[in-house]
>>> print(open('data-v9.csv').read())   # CSV, C-alpha atoms
chain,number,residue,atom,x,y,z
Q,1,MET,CA,24.2,-6.9,0.9
Q,2,THR,CA,24.2,-3.7,2.9
Q,3,ARG,CA,21.9,-1.3,1.2
Q,4,SER,CA,22.1,2.4,0.3
Q,5,PRO,CA,24.2,4.9,2.3
Q,6,ALA,CA,21.3,7.0,3.5
Q,7,ALA,CA,19.5,4.0,4.9
Q,8,ALA,CA,22.7,2.6,6.5
Q,9,ALA,CA,23.4,6.0,8.1
Q,10,GLY,CA,19.9,6.1,9.6
Q,11,SER,CA,18.7,9.1,7.8
Q,12,GLY,CA,15.0,9.7,7.0
Q,13,PRO,CA,11.9,9.1,9.0
Q,14,ALA,CA,11.7,6.0,11.1
Q,15,ARG,CA,9.6,3.0,10.3
Q,16,ALA,CA,7.7,1.1,13.0
Q,17,GLY,CA,10.3,-0.6,15.2
Q,18,GLY,CA,12.7,2.3,14.9
Q,19,ARG,CA,14.2,1.3,11.5
Q,20,PRO,CA,14.9,4.2,9.1
Q,21,ALA,CA,12.5,4.5,6.2
Q,22,VAL,CA,13.8,3.8,2.7
Q,23,SER,CA,13.0,6.4,0.1
Q,24,THR,CA,11.6,5.6,-3.3
Q,25,ARG,CA,14.9,6.7,-4.8
Q,26,GLU,CA,16.8,4.3,-2.6
Q,27,ARG,CA,14.4,1.5,-3.5
Q,28,ILE,CA,14.9,2.1,-7.2
Q,29,ILE,CA,18.7,2.0,-6.9
Q,30,ASP,CA,18.7,-1.1,-4.7
Q,31,GLU,CA,16.2,-3.0,-6.9
Q,32,ALA,CA,17.8,-1.9,-10.1
Q,33,LEU,CA,21.3,-3.1,-9.0
Q,34,ARG,CA,19.8,-6.4,-8.0
Q,35,LEU,CA,18.1,-6.9,-11.3
Q,36,PHE,CA,21.1,-5.8,-13.3
Q,37,ALA,CA,23.1,-8.4,-11.3
Q,38,GLU,CA,20.6,-11.1,-12.0
Q,39,ARG,CA,19.6,-10.4,-15.6
Q,40,GLY,CA,22.1,-8.0,-17.0
Q,41,TYR,CA,21.8,-4.3,-17.7
Q,42,ALA,CA,20.5,-4.6,-21.2
Q,43,ALA,CA,18.0,-7.3,-20.3
Q,44,THR,CA,16.4,-5.2,-17.5
Q,45,SER,CA,13.7,-2.8,-18.5
Q,46,VAL,CA,12.6,0.4,-16.7
Q,47,ALA,CA,9.2,-1.2,-16.2
Q,48,GLU,CA,10.7,-4.1,-14.4
Q,49,ILE,CA,12.7,-1.8,-12.1
Q,50,GLU,CA,9.5,0.1,-11.3
Q,51,ALA,CA,7.6,-3.0,-10.5
Q,52,ALA,CA,10.4,-4.3,-8.2
Q,53,SER,CA,10.5,-0.9,-6.5
Q,54,GLY,CA,6.8,-0.9,-5.7
Q,55,LEU,CA,5.9,1.5,-8.5
Q,56,SER,CA,3.3,1.0,-11.2
Q,57,PRO,CA,5.3,-0.7,-14.0
Q,58,GLY,CA,5.3,1.4,-17.2
Q,59,ALA,CA,3.8,4.4,-15.5
Q,60,GLY,CA,7.0,6.4,-15.5
Q,61,GLY,CA,7.5,6.6,-11.8
Q,62,LEU,CA,11.2,6.0,-12.2
Q,63,TYR,CA,11.6,9.2,-14.3
Q,64,ARG,CA,10.5,11.3,-11.3
Q,65,HIS,CA,13.8,10.4,-9.7
Q,66,PHE,CA,16.1,9.6,-12.7
Q,67,ARG,CA,16.3,10.7,-16.3
Q,68,SER,CA,17.2,7.2,-17.6
Q,69,LYS,CA,18.1,3.7,-16.7
Q,70,TYR,CA,21.8,4.6,-17.2
Q,71,GLU,CA,21.4,7.3,-14.6
Q,72,VAL,CA,20.1,4.7,-12.1
Q,73,LEU,CA,23.2,2.5,-12.7
Q,74,ALA,CA,25.5,5.5,-12.4
Q,75,ALA,CA,23.8,6.6,-9.1
Q,76,ALA,CA,24.2,3.1,-7.7
Q,77,ILE,CA,27.9,2.9,-8.5
Q,78,ASN,CA,28.6,6.4,-7.2
Q,79,GLU,CA,26.7,5.8,-4.0
Q,80,HIS,CA,28.6,2.5,-3.4
Q,81,ALA,CA,31.8,4.4,-4.0
Q,82,ALA,CA,30.9,7.1,-1.4
Q,83,ARG,CA,29.9,4.4,1.1
Q,84,THR,CA,33.2,2.6,0.6
Q,85,ARG,CA,35.2,5.8,1.4
Q,86,THR,CA,33.3,6.2,4.6
Q,87,GLN,CA,33.6,2.5,5.5
Q,88,VAL,CA,37.4,2.5,4.9
Q,89,ALA,CA,37.9,5.6,7.1
Q,90,ASP,CA,35.7,4.1,9.8
Q,91,SER,CA,37.6,0.7,9.7
Q,92,LEU,CA,41.0,2.4,9.8
Q,93,ALA,CA,39.8,4.5,12.8
Q,94,GLU,CA,38.5,1.4,14.6
Q,95,LEU,CA,41.7,-0.6,14.0
Q,96,GLY,CA,43.7,2.4,15.1
Q,97,ASP,CA,41.8,2.5,18.4
Q,98,MET,CA,43.0,-1.1,19.0
Q,99,GLU,CA,46.7,-0.3,18.8
Q,100,GLY,CA,48.4,-0.8,22.1
Q,101,SER,CA,45.4,-2.7,23.6
Q,102,VAL,CA,44.8,-5.6,21.2
Q,103,GLU,CA,47.5,-8.0,20.0
Q,104,LEU,CA,48.6,-7.8,16.4
Q,105,GLU,CA,47.2,-11.3,15.4
Q,106,THR,CA,43.7,-10.2,16.5
Q,107,ARG,CA,44.0,-6.9,14.6
Q,108,LEU,CA,45.1,-8.7,11.5
Q,109,THR,CA,42.2,-11.1,11.8
Q,110,ARG,CA,39.8,-8.1,12.0
Q,111,LEU,CA,41.4,-6.5,9.0
Q,112,CYS,CA,41.0,-9.7,6.9
Q,113,ARG,CA,37.5,-10.4,7.9
Q,114,ALA,CA,36.5,-6.8,7.2
Q,115,GLY,CA,37.9,-7.1,3.7
Q,116,LEU,CA,36.0,-10.4,3.1
Q,117,ALA,CA,32.8,-8.8,4.4
Q,118,LYS,CA,33.3,-5.7,2.1
Q,119,VAL,CA,33.9,-7.9,-1.0
Q,120,ARG,CA,30.8,-10.0,-0.2
Q,121,GLU,CA,28.7,-6.8,0.3
Q,122,GLU,CA,29.6,-5.7,-3.2
Q,123,SER,CA,28.7,-9.0,-4.8
Q,124,GLU,CA,25.8,-7.6,-6.9
Q,125,LEU,CA,27.9,-4.7,-8.1
Q,126,THR,CA,30.8,-7.1,-8.9
Q,127,ARG,CA,28.5,-9.2,-11.2
Q,128,VAL,CA,27.4,-6.0,-13.0
Q,129,PHE,CA,31.0,-4.8,-13.3
Q,130,PHE,CA,32.2,-7.9,-15.1
Q,131,ARG,CA,29.1,-8.4,-17.3
Q,132,ASP,CA,28.1,-4.9,-18.2
Q,133,LEU,CA,30.5,-2.1,-17.3
Q,134,SER,CA,33.0,-2.5,-20.2
Q,135,GLN,CA,30.5,-0.4,-22.3
Q,136,PHE,CA,30.7,2.4,-19.7
Q,137,PRO,CA,34.4,3.3,-19.2
Q,138,GLU,CA,33.5,6.3,-17.0
Q,139,LEU,CA,31.8,4.0,-14.5
Q,140,VAL,CA,34.7,1.5,-14.6
Q,141,ALA,CA,36.8,4.5,-13.5
Q,142,VAL,CA,34.5,5.1,-10.6
Q,143,VAL,CA,34.7,1.5,-9.5
Q,144,ARG,CA,38.5,1.5,-9.8
Q,145,GLU,CA,39.1,4.8,-8.0
Q,146,GLY,CA,36.1,4.7,-5.6
Q,147,LEU,CA,35.8,1.1,-4.6
Q,148,LEU,CA,38.8,-1.0,-5.5
Q,149,GLN,CA,41.8,1.3,-5.0
Q,150,PRO,CA,40.6,2.6,-1.6
Q,151,MET,CA,40.6,-0.9,-0.2
Q,152,PHE,CA,44.1,-1.6,-1.4
Q,153,ASP,CA,45.2,1.9,-0.2
Q,154,ALA,CA,43.7,1.1,3.2
Q,155,ILE,CA,45.8,-2.0,3.6
Q,156,THR,CA,48.9,-0.1,2.6
Q,157,THR,CA,48.2,2.6,5.1
Q,158,TRP,CA,47.3,0.2,7.9
Q,159,PHE,CA,50.4,-2.0,7.6
Q,160,SER,CA,52.8,1.0,7.2
Q,161,THR,CA,51.5,2.6,10.4
Q,162,GLN,CA,51.5,-0.4,12.7
Q,163,PRO,CA,54.3,-0.1,15.3
Q,164,GLU,CA,55.1,-3.8,15.0
Q,165,TYR,CA,56.0,-3.4,11.3
Q,166,ARG,CA,57.9,-0.1,11.8
Q,167,ASP,CA,61.3,-1.7,11.0
Q,168,ALA,CA,60.1,-4.0,8.3
Q,169,ASP,CA,61.9,-3.5,5.0
Q,170,VAL,CA,59.0,-4.3,2.6
Q,171,ASP,CA,57.1,-2.7,-0.2
Q,172,TRP,CA,53.7,-2.1,1.4
Q,173,SER,CA,51.9,-1.3,-1.8
Q,174,GLY,CA,53.1,-4.5,-3.2
Q,175,ILE,CA,52.1,-6.4,-0.1
Q,176,ALA,CA,48.7,-4.8,-0.2
Q,177,ALA,CA,48.3,-6.0,-3.8
Q,178,VAL,CA,49.1,-9.6,-2.7
Q,179,LEU,CA,47.1,-9.7,0.5
Q,180,GLY,CA,44.2,-7.6,-0.7
Q,181,GLY,CA,44.2,-9.5,-4.0
Q,182,ALA,CA,43.9,-12.7,-2.0
Q,183,VAL,CA,40.8,-11.4,-0.2
Q,184,VAL,CA,39.1,-10.3,-3.4
Q,185,HIS,CA,40.0,-13.5,-5.2
Q,186,TYR,CA,38.7,-15.7,-2.4
Q,187,ARG,CA,35.2,-14.1,-2.5
Q,188,MET,CA,35.1,-13.9,-6.2
Q,189,PHE,CA,36.0,-17.5,-6.6
Q,190,GLN,CA,33.2,-18.5,-4.2
Q,191,GLU,CA,30.8,-16.2,-6.1
Q,192,THR,CA,31.6,-17.7,-9.5
Q,193,VAL,CA,32.4,-21.3,-8.7
Q,194,GLY,CA,30.2,-21.9,-5.7
Q,195,ASP,CA,33.0,-23.3,-3.5
Q,196,ALA,CA,36.0,-21.9,-1.7
Q,197,PRO,CA,39.3,-22.1,-3.5
Q,198,GLY,CA,41.2,-25.2,-2.4
Q,199,HIS,CA,38.0,-26.1,-0.4
Q,200,ALA,CA,39.5,-23.9,2.4
Q,201,ASP,CA,36.6,-22.5,4.5
Q,202,LYS,CA,36.7,-18.9,5.6
Q,203,ASP,CA,38.3,-19.5,9.0
Q,204,ARG,CA,41.1,-21.5,7.4
Q,205,PHE,CA,41.6,-18.7,4.8
Q,206,VAL,CA,41.7,-16.0,7.5
Q,207,ALA,CA,44.2,-18.0,9.6
Q,208,ALA,CA,46.5,-18.5,6.6
Q,209,TRP,CA,46.2,-14.9,5.7
Q,210,VAL,CA,47.1,-13.8,9.2
Q,211,ARG,CA,50.0,-16.2,9.3
Q,212,LEU,CA,51.4,-14.8,6.1
Q,213,ALA,CA,51.1,-11.3,7.4
Q,214,LEU,CA,52.8,-12.2,10.6
Q,215,GLY,CA,55.7,-13.5,8.5
Q,216,LEU,CA,56.4,-9.9,7.4
Q,217,LEU,CA,57.4,-8.8,10.9
Q,218,PRO,CA,61.1,-7.9,11.4
Q,219,ALA,CA,62.9,-11.0,12.6
Q,220,PRO,CA,63.2,-10.0,16.3
Q,221,ALA,CA,59.5,-9.1,16.5
Q,222,ARG,CA,58.0,-12.2,15.0
Q,223,LEU,CA,55.4,-13.9,17.2
Q,224,GLY,CA,55.4,-17.5,18.3
>>> encode(input="data-v9.csv", output="structure tokens")
Amino acid sequence: MTRSPAAAAGSGPARAGGRPAVSTRERIIDEALRLFAERGYAATSVAEIEAASGLSPGAGGLYRHFRSKYEVLAAAINEHAARTRTQVADSLAELGDMEGSVELETRLTRLCRAGLAKVREESELTRVFFRDLSQFPELVAVVREGLLQPMFDAITTWFSTQPEYRDADVDWSGIAAVLGGAVVHYRMFQETVGDAPGHADKDRFVAAWVRLALGLLPAPARLG
């Protein structure tokens, strides 16, 4: 899974080999989320987070950066939400640059694969969400508005602005719910069951997803 936003953005002093250094705060967030995903929020102690983060367990090093275990969880979710907003904007810009030079089928493939990669990236947070977040409705709201809805909104925005779909008489928000929901379900099924739904590997899923999306083109514009 891609780690914290600051590390991903290349901030902070460089390690040997040119890689950005990861701060203690970032290590705490990353390791806490991993432990919450593996063991559950309630079953993970502050001392265990400290040990996994390279701190002396039970010495209180975590409290130099966070007031409580809950604050670590909230920071993880808020930072993932912030990263998602940046990723969505970057992906839309990248896909926008392809208009006019890359055929629609290739752009659709990129969109679907980007969605699959994003859902996979958030696999630890997804496990925490379903197991632990019902007790924290304020954090559920962050996940909903900061991670989930932006992905569906991005699909709506992208389809509604593509020139090939300009004359299509469809409800793009509804289409985003179906196509985006398929992407989320595919990865979540793999995560929970250990196999792809219908035993369809990723390439087959992407090809079917693209074919369905191409079927939304106005009749004269349909490909193939």
>>> residues_around(input="data-v9.csv", residues="Gly61 (chain Q)", least_positions_apart="6", cutoff="10 Å", atoms="only C-alpha atoms", output="list in words")
Thr24, Ile28, Val46, Ala47, Ile49, Glu50, Ala51, Ser53, Gly54 and Leu55 of chain Q
>>> atom_distance(input="data-v9.csv", atom1="CA of Gly58 (chain Q)", atom2="CA of Leu33 (chain Q)")
18.5 Å
>>> closest_residue(input="data-v9.csv", among="Q:Asp203, Q:Phe129, Q:Ala37, Q:Ala32", to="Val142 (chain Q)", atoms="all atoms listed in the file")
Q:Phe129
>>> atom_distance(input="data-v9.csv", atom1="CA of Ala141 (chain Q)", atom2="CA of Arg113 (chain Q)")
26.1 Å
>>> closest_residue(input="data-v9.csv", among="Q:Val22, Q:Leu217, Q:Ala43, Q:Leu125", to="Ser160 (chain Q)", atoms="only C-alpha atoms")
Q:Leu217
>>> residues_near_point(input="data-v9.csv", point="(40.2, -8.5, 9.8)", cutoff="12 Å", atoms="all atoms listed in the file", output="ChimeraX atom specification")
/Q:91-92,94-95,104-118,155,158,179-180,183,202-203,205-207,209-210,213
>>> write_last_selection(input="data-v9.csv", atoms="C-alpha atoms", output="CSV table (one decimal), in the coordinates of the input")
chain,number,residue,atom,x,y,z
Q,91,SER,CA,37.6,0.7,9.7
Q,92,LEU,CA,41.0,2.4,9.8
Q,94,GLU,CA,38.5,1.4,14.6
Q,95,LEU,CA,41.7,-0.6,14.0
Q,104,LEU,CA,48.6,-7.8,16.4
Q,105,GLU,CA,47.2,-11.3,15.4
Q,106,THR,CA,43.7,-10.2,16.5
Q,107,ARG,CA,44.0,-6.9,14.6
Q,108,LEU,CA,45.1,-8.7,11.5
Q,109,THR,CA,42.2,-11.1,11.8
Q,110,ARG,CA,39.8,-8.1,12.0
Q,111,LEU,CA,41.4,-6.5,9.0
Q,112,CYS,CA,41.0,-9.7,6.9
Q,113,ARG,CA,37.5,-10.4,7.9
Q,114,ALA,CA,36.5,-6.8,7.2
Q,115,GLY,CA,37.9,-7.1,3.7
Q,116,LEU,CA,36.0,-10.4,3.1
Q,117,ALA,CA,32.8,-8.8,4.4
Q,118,LYS,CA,33.3,-5.7,2.1
Q,155,ILE,CA,45.8,-2.0,3.6
Q,158,TRP,CA,47.3,0.2,7.9
Q,179,LEU,CA,47.1,-9.7,0.5
Q,180,GLY,CA,44.2,-7.6,-0.7
Q,183,VAL,CA,40.8,-11.4,-0.2
Q,202,LYS,CA,36.7,-18.9,5.6
Q,203,ASP,CA,38.3,-19.5,9.0
Q,205,PHE,CA,41.6,-18.7,4.8
Q,206,VAL,CA,41.7,-16.0,7.5
Q,207,ALA,CA,44.2,-18.0,9.6
Q,209,TRP,CA,46.2,-14.9,5.7
Q,210,VAL,CA,47.1,-13.8,9.2
Q,213,ALA,CA,51.1,-11.3,7.4
>>> closest_atom_pairs(input="data-v9.csv", of="region 97-201 of chain Q", to="region 62-78 of chain Q", cutoff="10 Å", atoms="all atoms listed in the file", output="Markdown table")
| residue | atom | partner | partner_atom | distance |
| --- | --- | --- | --- | --- |
| Q:Leu125 | CA | Q:Ile77 | CA | 7.6 |
| Q:Val128 | CA | Q:Leu73 | CA | 9.5 |
| Q:Phe129 | CA | Q:Ile77 | CA | 9.6 |
| Q:Leu133 | CA | Q:Leu73 | CA | 9.8 |
| Q:Phe136 | CA | Q:Ala74 | CA | 9.5 |
| Q:Glu138 | CA | Q:Ala74 | CA | 9.3 |
| Q:Leu139 | CA | Q:Ala74 | CA | 6.8 |
| Q:Val140 | CA | Q:Ile77 | CA | 9.2 |
| Q:Val142 | CA | Q:Asn78 | CA | 6.9 |
| Q:Val143 | CA | Q:Ile77 | CA | 7.0 |
| Q:Gly146 | CA | Q:Asn78 | CA | 7.9 |
| Q:Leu147 | CA | Q:Ile77 | CA | 9.0 |
>>> residues_around(input="data-v9.csv", residues="Ile175 (chain Q)", least_positions_apart="6", cutoff="10 Å", atoms="all atoms listed in the file", output="ChimeraX atom specification")
/Q:152,155-156,159,181,213,216
>>> atom_distance(input="data-v9.csv", atom1="CA of Glu48 (chain Q)", atom2="CA of Arg27 (chain Q)")
12.8 Å
